[in-house]
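For reference, start_38.pdb (PDB, C-alpha atoms and all ligand atoms):
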MODEL        1
ATOM      1  CA  MET A   8      18.124  -3.707  11.340
ATOM      2  CA  GLN A   9      14.849  -2.515  12.889
ATOM      3  CA  PHE A  10      12.965  -4.022   9.933
ATOM      4  CA  ILE A  11      14.652  -7.439  10.351
ATOM      5  CA  VAL A  12      13.865  -7.450  14.079
ATOM      6  CA  GLU A  13      10.185  -6.738  13.345
ATOM      7  CA  PHE A  14      10.206  -9.455  10.651
ATOM      8  CA  MET A  15      11.558 -12.001  13.175
ATOM      9  CA  LYS A  16       8.748 -11.097  15.588
ATOM     10  CA  GLN A  17       5.930 -11.197  13.011
ATOM     11  CA  PRO A  18       7.097 -12.827   9.740
ATOM     12  CA  LYS A  19       3.601 -13.259   8.239
ATOM     13  CA  GLU A  20       2.521  -9.667   8.884
ATOM     14  CA  ILE A  21       5.778  -8.013   7.826
ATOM     15  CA  GLY A  22       6.219 -10.355   4.846
ATOM     16  CA  ALA A  23       9.704  -9.124   3.824
ATOM     17  CA  ILE A  24      13.189  -9.168   5.314
ATOM     18  CA  ALA A  25      14.090  -5.698   4.056
ATOM     19  CA  PRO A  26      12.295  -2.486   3.123
ATOM     20  CA  SER A  27      11.638  -1.930  -0.594
ATOM     21  CA  SER A  28      14.302  -0.337  -2.797
ATOM     22  CA  ILE A  29      14.068   3.203  -4.146
ATOM     23  CA  TYR A  30      13.473   1.680  -7.618
ATOM     24  CA  LEU A  31      10.408  -0.204  -6.411
ATOM     25  CA  ALA A  32       9.257   2.842  -4.432
ATOM     26  CA  ARG A  33       9.432   4.956  -7.627
ATOM     27  CA  LYS A  34       7.480   2.371  -9.626
ATOM     28  CA  MET A  35       4.818   2.200  -6.911
ATOM     29  CA  THR A  36       4.273   5.969  -6.935
ATOM     30  CA  PRO A  37       3.904   7.077 -10.567
ATOM     31  CA  GLU A  38       3.710  10.833 -11.056
ATOM     32  CA  LYS A  39       0.990  10.424 -13.688
ATOM     33  CA  LEU A  40      -1.342   8.917 -11.057
ATOM     34  CA  LEU A  41      -0.363  11.283  -8.270
ATOM     35  CA  CYS A  42      -0.398  14.610 -10.090
ATOM     36  CA  ASP A  43      -4.209  15.092  -9.965
ATOM     37  CA  ALA A  44      -4.975  13.058  -6.831
ATOM     38  CA  LYS A  45      -7.081  14.517  -4.040
ATOM     39  CA  VAL A  46      -6.914  11.546  -1.676
ATOM     40  CA  VAL A  47      -4.241   8.816  -1.631
ATOM     41  CA  VAL A  48      -4.226   5.818   0.728
ATOM     42  CA  GLU A  49      -1.179   3.723   1.582
ATOM     43  CA  LEU A  50      -1.624   0.253   3.103
ATOM     44  CA  GLY A  51       1.291  -1.332   4.970
ATOM     45  CA  ALA A  52       3.801   1.525   4.915
ATOM     46  CA  GLY A  53       6.537  -0.131   6.979
ATOM     47  CA  MET A  54       9.375   2.360   7.389
ATOM     48  CA  GLY A  55       7.776   4.708   4.889
ATOM     49  CA  HIS A  56       9.797   4.421   1.660
ATOM     50  CA  PHE A  57       6.627   4.693  -0.464
ATOM     51  CA  THR A  58       5.190   7.344   1.871
ATOM     52  CA  GLU A  59       8.169   9.605   1.224
ATOM     53  CA  GLU A  60       7.710   9.341  -2.543
ATOM     54  CA  ILE A  61       3.945   9.920  -2.296
ATOM     55  CA  VAL A  62       4.393  12.999  -0.124
ATOM     56  CA  ARG A  63       7.117  14.357  -2.419
ATOM     57  CA  LYS A  64       5.109  13.882  -5.646
ATOM     58  CA  LYS A  65       1.529  14.600  -4.606
ATOM     59  CA  PRO A  66      -0.108  17.943  -5.362
ATOM     60  CA  HIS A  67      -0.622  20.554  -2.683
ATOM     61  CA  GLY A  68      -3.846  19.871  -0.787
ATOM     62  CA  CYS A  69      -3.946  16.139  -1.571
ATOM     63  CA  LYS A  70      -4.586  14.151   1.605
ATOM     64  CA  VAL A  71      -2.552  11.002   2.378
ATOM     65  CA  ILE A  72      -3.961   8.379   4.759
ATOM     66  CA  VAL A  73      -1.567   5.668   5.922
ATOM     67  CA  PHE A  74      -2.644   2.330   7.444
ATOM     68  CA  GLU A  75       0.060   0.417   9.342
ATOM     69  CA  THR A  76      -0.528  -2.261  12.000
ATOM     70  CA  ASN A  77       2.993  -2.459  13.383
ATOM     71  CA  PRO A  78       3.138  -0.027  16.357
ATOM     72  CA  LEU A  79       6.856   0.728  15.945
ATOM     73  CA  PHE A  80       6.518   1.606  12.246
ATOM     74  CA  SER A  81       3.231   3.438  12.705
ATOM     75  CA  GLU A  82       4.490   5.548  15.600
ATOM     76  CA  GLY A  83       7.734   6.322  13.751
ATOM     77  CA  LEU A  84       5.825   7.570  10.707
ATOM     78  CA  ALA A  85       3.300   9.483  12.814
ATOM     79  CA  GLU A  86       6.219  11.260  14.457
ATOM     80  CA  GLN A  87       7.921  11.934  11.105
ATOM     81  CA  TYR A  88       4.771  13.556   9.640
ATOM     82  CA  ARG A  89       3.471  15.123  12.871
ATOM     83  CA  SER A  90       3.740  18.660  11.540
ATOM     84  CA  ARG A  91       1.870  17.890   8.293
ATOM     85  CA  GLU A  92      -1.871  18.348   8.245
ATOM     86  CA  ASP A  93      -2.116  16.576   4.881
ATOM     87  CA  VAL A  94      -0.636  13.257   6.134
ATOM     88  CA  LEU A  95      -2.542  11.074   8.583
ATOM     89  CA  VAL A  96      -0.781   7.956   9.905
ATOM     90  CA  LEU A  97      -3.067   5.404  11.562
ATOM     91  CA  LEU A  98      -2.220   2.384  13.683
ATOM     92  CA  GLU A  99      -4.961   0.500  11.894
ATOM     93  CA  THR A 100      -5.561  -2.599   9.790
ATOM     94  CA  ALA A 101      -6.318  -2.329   6.085
ATOM     95  CA  GLU A 102      -9.340  -4.578   6.724
ATOM     96  CA  ASN A 103     -11.088  -1.536   8.209
ATOM     97  CA  LEU A 104     -10.407   0.731   5.244
ATOM     98  CA  PRO A 105     -14.053   1.552   4.252
ATOM     99  CA  LEU A 106     -15.090   1.989   7.892
ATOM    100  CA  ILE A 107     -12.214   4.324   8.740
ATOM    101  CA  LEU A 108     -12.640   6.430   5.606
ATOM    102  CA  ARG A 109     -16.376   6.806   6.324
ATOM    103  CA  GLY A 110     -15.456   8.001   9.825
ATOM    104  CA  LEU A 111     -13.122  10.593   8.302
ATOM    105  CA  GLY A 112     -15.859  11.767   5.910
ATOM    106  CA  ILE A 113     -13.914  10.549   2.851
ATOM    107  CA  GLU A 114     -16.113   8.947   0.190
ATOM    108  CA  HIS A 115     -13.641   8.059  -2.544
ATOM    109  CA  VAL A 116      -9.931   7.618  -3.082
ATOM    110  CA  ASP A 117      -7.964   8.288  -6.282
ATOM    111  CA  LEU A 118      -4.979   6.031  -5.661
ATOM    112  CA  ILE A 119      -4.277   3.200  -3.213
ATOM    113  CA  VAL A 120      -0.689   1.984  -2.858
ATOM    114  CA  SER A 121      -0.128  -1.293  -1.036
ATOM    115  CA  GLY A 122       2.939  -2.890   0.503
ATOM    116  CA  LEU A 123       0.794  -5.546   2.191
ATOM    117  CA  PRO A 124       2.075  -9.146   2.090
ATOM    118  CA  PHE A 125      -1.081 -10.616   0.476
ATOM    119  CA  SER A 126       0.680 -13.946  -0.178
ATOM    120  CA  SER A 127       1.035 -14.649   3.536
ATOM    121  CA  PHE A 128      -2.513 -13.553   4.474
ATOM    122  CA  GLU A 129      -5.402 -15.977   5.012
ATOM    123  CA  ILE A 130      -7.549 -15.859   1.877
ATOM    124  CA  GLU A 131     -10.557 -14.372   3.768
ATOM    125  CA  LYS A 132      -8.409 -11.518   5.057
ATOM    126  CA  ALA A 133      -6.969 -10.864   1.592
ATOM    127  CA  ASN A 134     -10.493 -10.847   0.084
ATOM    128  CA  THR A 135     -11.843  -8.496   2.772
ATOM    129  CA  ILE A 136      -9.038  -6.019   2.062
ATOM    130  CA  LEU A 137      -9.381  -6.251  -1.728
ATOM    131  CA  ASN A 138     -13.178  -5.818  -1.592
ATOM    132  CA  GLY A 139     -12.708  -2.785   0.666
ATOM    133  CA  VAL A 140     -10.150  -1.298  -1.737
ATOM    134  CA  HIS A 141     -12.571  -1.795  -4.646
ATOM    135  CA  GLU A 142     -15.403  -0.205  -2.643
ATOM    136  CA  VAL A 143     -13.553   3.009  -1.765
ATOM    137  CA  LEU A 144     -11.749   3.623  -5.085
ATOM    138  CA  ASN A 145     -13.336   6.259  -7.257
ATOM    139  CA  ALA A 146     -14.530   5.410 -10.772
ATOM    140  CA  ASN A 147     -11.154   6.186 -12.372
ATOM    141  CA  GLY A 148      -9.142   5.050  -9.377
ATOM    142  CA  THR A 149      -6.076   2.804  -9.407
ATOM    143  CA  PHE A 150      -4.811   0.231  -6.938
ATOM    144  CA  LEU A 151      -1.094  -0.606  -7.031
ATOM    145  CA  ALA A 152       0.222  -3.567  -5.053
ATOM    146  CA  PHE A 153       3.635  -5.187  -5.104
ATOM    147  CA  GLN A 154       4.161  -8.892  -4.613
ATOM    148  CA  TYR A 155       7.201 -11.142  -4.804
ATOM    149  CA  SER A 156       5.376 -13.712  -6.959
ATOM    150  CA  LYS A 157       2.277 -13.877  -9.161
ATOM    151  CA  TYR A 158       0.938 -16.739  -7.025
ATOM    152  CA  ARG A 159      -2.009 -14.689  -5.733
ATOM    153  CA  LYS A 160      -2.621 -12.568  -8.830
ATOM    154  CA  LYS A 161      -5.924 -14.350  -9.440
ATOM    155  CA  ILE A 162      -7.479 -13.015  -6.227
ATOM    156  CA  PHE A 163      -6.810  -9.491  -7.494
ATOM    157  CA  GLU A 164      -8.360 -10.453 -10.866
ATOM    158  CA  ARG A 165     -11.487 -11.827  -9.186
ATOM    159  CA  VAL A 166     -12.158  -8.402  -7.654
ATOM    160  CA  PHE A 167     -10.818  -6.076 -10.360
ATOM    161  CA  GLY A 168     -11.165  -8.009 -13.621
ATOM    162  CA  SER A 169      -8.018  -7.534 -15.637
ATOM    163  CA  VAL A 170      -4.820  -6.823 -13.733
ATOM    164  CA  THR A 171      -1.587  -5.811 -15.473
ATOM    165  CA  HIS A 172       1.862  -6.287 -14.008
ATOM    166  CA  GLU A 173       5.408  -4.986 -14.357
ATOM    167  CA  ARG A 174       8.590  -6.470 -12.920
ATOM    168  CA  GLU A 175      11.138  -4.572 -10.819
ATOM    169  CA  LEU A 176      14.381  -6.511 -10.623
ATOM    170  CA  ARG A 177      16.237  -3.891  -8.586
ATOM    171  CA  ASN A 178      14.681  -4.994  -5.323
ATOM    172  CA  LEU A 179      15.514  -7.719  -2.803
ATOM    173  CA  PRO A 180      13.842  -9.971  -3.797
ATOM    174  CA  PRO A 181      12.705  -8.800  -7.261
ATOM    175  CA  ALA A 182       9.050  -7.797  -7.207
ATOM    176  CA  TYR A 183       5.957  -7.570  -9.400
ATOM    177  CA  VAL A 184       3.922  -4.367  -9.373
ATOM    178  CA  LEU A 185       0.265  -5.225  -9.996
ATOM    179  CA  GLU A 186      -1.913  -2.457 -11.385
ATOM    180  CA  CYS A 187      -5.655  -2.823 -10.818
ATOM    181  CA  ARG A 188      -8.243  -0.421 -12.204
ATOM    182  CA  LYS A 189     -11.801  -0.186 -11.059
ATOM    183  CA  GLU A 190     -14.056  -1.576 -13.793
ATOM    184  CA  LEU A 191     -16.947   0.738 -14.662
TER
HETATM  185  C1  LIG B   1       6.373  -6.038   3.147
HETATM  186  S1  LIG B   1       6.203  -4.771   4.381
HETATM  187  C2  LIG B   1       6.210  -3.379   3.271
HETATM  188  C3  LIG B   1       6.709  -2.119   3.904
HETATM  189  C4  LIG B   1       6.968  -0.964   2.935
HETATM  190  N1  LIG B   1       5.786  -0.590   2.199
HETATM  191  C5  LIG B   1       8.080  -1.311   1.980
HETATM  192  O1  LIG B   1       7.748  -1.662   0.839
HETATM  193  O2  LIG B   1       9.234  -1.250   2.385
HETATM  194  C6  LIG B   1       4.485  -4.946   4.838
HETATM  195  C7  LIG B   1       3.973  -3.955   5.853
HETATM  196  O3  LIG B   1       2.554  -4.145   5.979
HETATM  197  C8  LIG B   1       2.186  -4.026   7.352
HETATM  198  N2  LIG B   1       0.897  -4.739   7.528
HETATM  199  C9  LIG B   1       0.709  -6.083   7.595
HETATM  200  N3  LIG B   1      -0.598  -6.369   7.713
HETATM  201  C10 LIG B   1      -1.258  -5.175   7.694
HETATM  202  C11 LIG B   1      -2.637  -4.820   7.738
HETATM  203  N4  LIG B   1      -3.597  -5.750   7.854
HETATM  204  N5  LIG B   1      -2.964  -3.505   7.691
HETATM  205  C12 LIG B   1      -1.992  -2.540   7.584
HETATM  206  N6  LIG B   1      -0.669  -2.831   7.543
HETATM  207  C13 LIG B   1      -0.299  -4.127   7.583
HETATM  208  C14 LIG B   1       3.352  -4.642   8.087
HETATM  209  O4  LIG B   1       3.403  -4.238   9.436
HETATM  210  C15 LIG B   1       4.535  -4.147   7.248
HETATM  211  O5  LIG B   1       5.018  -2.928   7.733
ENDMDL
END

Could I get this structure in the form of structure tokens?
Ligand SMILES: C[S@@+](CC[C@H](N)C(=O)[O-])C[C@H]1O[C@@H](n2cnc3c(N)ncnc32)[C@H](O)[C@@H]1O
Amino acid sequence: MQFIVEFMKQPKEIGAIAPSSIYLARKMTPEKLLCDAKVVVELGAGMGHFTEEIVRKKPHGCKVIVFETNPLFSEGLAEQYRSREDVLVLLETAENLPLILRGLGIEHVDLIVSGLPFSSFEIEKANTILNGVHEVLNANGTFLAFQYSKYRKKIFERVFGSVTHERELRNLPPAYVLECRKEL
């Protein structure tokens, strides 16, 4: 209910009428990418379905930085993870990703997981975020983003070269998980 109310207030920013399903959350947080990670970033966490999976699967000592612009969601997650030194929830836009990480003394990130509604963003905003993601990913890093259509896949390809995708039908609506790797 809370999610729908926030969607009605800010449809373009929220970009979905319901939080992602557990099936999509599992696909967005593969153990093989999390098991060796030292720093993981999540962009657009909403009510934290992906955050929960990341925190559950990540190795001890791996830091998780969450960017969420909606104050209600951000404050809720900050409260939920208040006692954890390895999870930092920021009321912050993904556009400032490189700047914020520099401020935290973090040079590179192993995995970035995005729930951002790129299809409803202005193209300049989408490009700023994607360029920032590319900048902060380490050489073997991966960027995972889900989208409800492949309409904007080409903007991911412009930044990352080849982008693969998988479908998750057990989500409302069904979603594509785009996997982008930093080209060396
Ligand atoms: C489609 S919801 C996804 C929420 C959650 N990851 C899920 O899958 O259930 C998109 C989320 O991105 C957040 N968001 C939108 N623009 C953002 C931005 N520029 N920076 C960080 N978060 C943003 C919204 O507030 C919203 O919570």

Please report as a tab-separated table every residue of chain A lying within 6 Å of ligand LIG 1 (chain B), along with the nearest atom pair and their distance in Å (one decimal), using only C-alpha atoms and all ligand atoms.
residue	atom	partner	partner_atom	distance
A:Glu20	CA	B:LIG1	C9	4.2
A:Ile21	CA	B:LIG1	C15	4.1
A:Gly22	CA	B:LIG1	C1	4.6
A:Ala23	CA	B:LIG1	C1	4.6
A:Pro26	CA	B:LIG1	O2	3.4
A:Ser27	CA	B:LIG1	O2	3.9
A:Leu50	CA	B:LIG1	C12	5.3
A:Gly51	CA	B:LIG1	O3	3.2
A:Ala52	CA	B:LIG1	N1	4.0
A:Gly53	CA	B:LIG1	O5	3.3
A:His56	CA	B:LIG1	O2	5.7
A:Phe57	CA	B:LIG1	N1	6.0
A:Phe74	CA	B:LIG1	C12	4.9
A:Glu75	CA	B:LIG1	N6	3.8
A:Thr76	CA	B:LIG1	N6	4.5
A:Asn77	CA	B:LIG1	O4	4.3
A:Thr100	CA	B:LIG1	N5	3.5
A:Ala101	CA	B:LIG1	N5	3.9
A:Glu102	CA	B:LIG1	N4	6.0
A:Gly122	CA	B:LIG1	N1	4.0
A:Leu123	CA	B:LIG1	O3	4.4
A:Pro124	CA	B:LIG1	C1	5.4

**Item:** Residue nearest A:Glu173 among A:Asn103, A:Asn145, A:Ser156, A:Asn134 (counting only C-alpha atoms)
**Value:**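 The answer is A:Ser156, which sits nearest to A:Glu173.
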
**Prompt:** Leaving out stretch 81-94 of chain A and any residue of its chain fewer than 4 positions from it, which residues lie within 7 Å of it when counting all atoms listed in the file, given as a PyMOL selection string?
**Reply:** chain A and resi 55+68-72+75-77+98

Take the residues from that selection and put them in a file with C-alpha atoms, as a PDB file, keeping the file's coordinate frame.
ATOM      1  CA  GLY A  55       7.776   4.708   4.889  1.00  0.00           C
ATOM      2  CA  GLY A  68      -3.846  19.871  -0.787  1.00  0.00           C
ATOM      3  CA  CYS A  69      -3.946  16.139  -1.571  1.00  0.00           C
ATOM      4  CA  LYS A  70      -4.586  14.151   1.605  1.00  0.00           C
ATOM      5  CA  VAL A  71      -2.552  11.002   2.378  1.00  0.00           C
ATOM      6  CA  ILE A  72      -3.961   8.379   4.759  1.00  0.00           C
ATOM      7  CA  GLU A  75       0.060   0.417   9.342  1.00  0.00           C
ATOM      8  CA  THR A  76      -0.528  -2.261  12.000  1.00  0.00           C
ATOM      9  CA  ASN A  77       2.993  -2.459  13.383  1.00  0.00           C
ATOM     10  CA  LEU A  98      -2.220   2.384  13.683  1.00  0.00           C
TER      11      LEU A  98
END

**Message:** as a ChimeraX atom specification, please: the residues near A:Leu118 (cut-off 12 Å, only C-alpha atoms, same-chain neighbours under 2 positions excluded).
**Reply:** /A:35-50,61,65,69-72,115-116,120-121,140-141,143-152,186-189

Using the chain letters and numbers from the file, give me the residues hit by the PyMOL selection byres (((chain A and resi 30) around 8) and not hetatm), as a JSON list (two decimals) with C-alpha atoms, keeping the file's coordinate frame.
[["chain", "number", "residue", "atom", "x", "y", "z"],
["A", 28, "SER", "CA", 14.30, -0.34, -2.80],
["A", 29, "ILE", "CA", 14.07, 3.20, -4.15],
["A", 31, "LEU", "CA", 10.41, -0.20, -6.41],
["A", 32, "ALA", "CA", 9.26, 2.84, -4.43],
["A", 33, "ARG", "CA", 9.43, 4.96, -7.63],
["A", 34, "LYS", "CA", 7.48, 2.37, -9.63],
["A", 175, "GLU", "CA", 11.14, -4.57, -10.82],
["A", 177, "ARG", "CA", 16.24, -3.89, -8.59],
["A", 178, "ASN", "CA", 14.68, -4.99, -5.32]]

**Request:** Please evaluate the PyMOL selection byres (((chain A and resi 172) around 7) and not hetatm) against the structure above and give the resulting residues as a VMD selection string.
**Result:** chain A and resid 170 to 171 173 to 174 183 to 186

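You will find atom CA of A:Leu137 at 13.5 Å from atom CA of A:Phe153.
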
**Asked** In Å, with one decimal, what is the gap from atom CA of A:Glu129 to atom CA of A:Leu108?
**Response**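 Atom CA of A:Leu108 lies 23.6 Å from atom CA of A:Glu129.
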
**Request:** Give me, please, the distance in Å between atom CA of A:Ala182 and atom CA of A:Ala133, quoted to one decimal.
**Result:**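 So the two atoms, atom CA of A:Ala182 and atom CA of A:Ala133, lie 18.5 Å apart.
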
**Complete:** With distances taken over all atoms listed in the file, the candidate from A:Thr135, A:Gln9, A:Ser169, A:Thr58 nearest A:Ile119 is A:Thr58

**Asked** Which residue, A:Leu97, A:Leu179, A:Ile107, A:Arg165, has the smallest gap to A:Ala25 when you use only C-alpha atoms?
**Response** A:Leu179

Since the input is missing atoms, can you rebuild N, CA and C atoms for stretch 67-89 of chain A and write them as a PDB file, in the frame of the given file?
ATOM      1  N   HIS A  67      -0.277  19.843  -3.909  1.00  0.00           N
ATOM      2  CA  HIS A  67      -0.622  20.554  -2.683  1.00  0.00           C
ATOM      3  C   HIS A  67      -2.107  20.321  -2.385  1.00  0.00           C
ATOM      4  N   GLY A  68      -2.438  20.043  -1.163  1.00  0.00           N
ATOM      5  CA  GLY A  68      -3.846  19.871  -0.787  1.00  0.00           C
ATOM      6  C   GLY A  68      -4.319  18.424  -0.848  1.00  0.00           C
ATOM      7  N   CYS A  69      -3.564  17.560  -1.515  1.00  0.00           N
ATOM      8  CA  CYS A  69      -3.946  16.139  -1.571  1.00  0.00           C
ATOM      9  C   CYS A  69      -3.683  15.510  -0.203  1.00  0.00           C
ATOM     10  N   LYS A  70      -4.682  14.770   0.279  1.00  0.00           N
ATOM     11  CA  LYS A  70      -4.586  14.151   1.605  1.00  0.00           C
ATOM     12  C   LYS A  70      -4.002  12.740   1.474  1.00  0.00           C
ATOM     13  N   VAL A  71      -3.126  12.363   2.374  1.00  0.00           N
ATOM     14  CA  VAL A  71      -2.552  11.002   2.378  1.00  0.00           C
ATOM     15  C   VAL A  71      -2.936  10.318   3.687  1.00  0.00           C
ATOM     16  N   ILE A  72      -3.580   9.141   3.565  1.00  0.00           N
ATOM     17  CA  ILE A  72      -3.961   8.379   4.759  1.00  0.00           C
ATOM     18  C   ILE A  72      -3.169   7.070   4.755  1.00  0.00           C
ATOM     19  N   VAL A  73      -2.453   6.835   5.838  1.00  0.00           N
ATOM     20  CA  VAL A  73      -1.567   5.668   5.922  1.00  0.00           C
ATOM     21  C   VAL A  73      -2.100   4.680   6.962  1.00  0.00           C
ATOM     22  N   PHE A  74      -2.229   3.409   6.540  1.00  0.00           N
ATOM     23  CA  PHE A  74      -2.644   2.330   7.444  1.00  0.00           C
ATOM     24  C   PHE A  74      -1.434   1.445   7.716  1.00  0.00           C
ATOM     25  N   GLU A  75      -1.097   1.270   8.985  1.00  0.00           N
ATOM     26  CA  GLU A  75       0.060   0.417   9.342  1.00  0.00           C
ATOM     27  C   GLU A  75      -0.248  -0.225  10.698  1.00  0.00           C
ATOM     28  N   THR A  76      -0.166  -1.559  10.763  1.00  0.00           N
ATOM     29  CA  THR A  76      -0.528  -2.261  12.000  1.00  0.00           C
ATOM     30  C   THR A  76       0.631  -2.451  12.971  1.00  0.00           C
ATOM     31  N   ASN A  77       1.846  -2.268  12.483  1.00  0.00           N
ATOM     32  CA  ASN A  77       2.993  -2.459  13.383  1.00  0.00           C
ATOM     33  C   ASN A  77       3.192  -1.170  14.197  1.00  0.00           C
ATOM     34  N   PRO A  78       3.083  -1.240  15.539  1.00  0.00           N
ATOM     35  CA  PRO A  78       3.138  -0.027  16.357  1.00  0.00           C
ATOM     36  C   PRO A  78       4.442   0.751  16.182  1.00  0.00           C
ATOM     37  N   LEU A  79       5.561   0.043  16.075  1.00  0.00           N
ATOM     38  CA  LEU A  79       6.856   0.728  15.945  1.00  0.00           C
ATOM     39  C   LEU A  79       6.910   1.543  14.642  1.00  0.00           C
ATOM     40  N   PHE A  80       6.496   0.917  13.538  1.00  0.00           N
ATOM     41  CA  PHE A  80       6.518   1.606  12.246  1.00  0.00           C
ATOM     42  C   PHE A  80       5.494   2.744  12.240  1.00  0.00           C
ATOM     43  N   SER A  81       4.301   2.441  12.742  1.00  0.00           N
ATOM     44  CA  SER A  81       3.231   3.438  12.705  1.00  0.00           C
ATOM     45  C   SER A  81       3.602   4.672  13.541  1.00  0.00           C
ATOM     46  N   GLU A  82       4.117   4.416  14.732  1.00  0.00           N
ATOM     47  CA  GLU A  82       4.490   5.548  15.600  1.00  0.00           C
ATOM     48  C   GLU A  82       5.654   6.345  15.004  1.00  0.00           C
ATOM     49  N   GLY A  83       6.596   5.644  14.391  1.00  0.00           N
ATOM     50  CA  GLY A  83       7.734   6.322  13.751  1.00  0.00           C
ATOM     51  C   GLY A  83       7.259   7.247  12.634  1.00  0.00           C
ATOM     52  N   LEU A  84       6.326   6.747  11.819  1.00  0.00           N
ATOM     53  CA  LEU A  84       5.825   7.570  10.707  1.00  0.00           C
ATOM     54  C   LEU A  84       4.958   8.719  11.220  1.00  0.00           C
ATOM     55  N   ALA A  85       4.154   8.429  12.242  1.00  0.00           N
ATOM     56  CA  ALA A  85       3.300   9.483  12.814  1.00  0.00           C
ATOM     57  C   ALA A  85       4.172  10.626  13.328  1.00  0.00           C
ATOM     58  N   GLU A  86       5.283  10.259  13.940  1.00  0.00           N
ATOM     59  CA  GLU A  86       6.219  11.260  14.457  1.00  0.00           C
ATOM     60  C   GLU A  86       6.863  12.048  13.294  1.00  0.00           C
ATOM     61  N   GLN A  87       7.270  11.309  12.261  1.00  0.00           N
ATOM     62  CA  GLN A  87       7.921  11.934  11.105  1.00  0.00           C
ATOM     63  C   GLN A  87       7.016  12.967  10.419  1.00  0.00           C
ATOM     64  N   TYR A  88       5.692  12.667  10.367  1.00  0.00           N
ATOM     65  CA  TYR A  88       4.771  13.556   9.640  1.00  0.00           C
ATOM     66  C   TYR A  88       3.874  14.363  10.586  1.00  0.00           C
ATOM     67  N   ARG A  89       4.290  14.460  11.847  1.00  0.00           N
ATOM     68  CA  ARG A  89       3.471  15.123  12.871  1.00  0.00           C
ATOM     69  C   ARG A  89       3.091  16.554  12.488  1.00  0.00           C
TER      70      ARG A  89
END
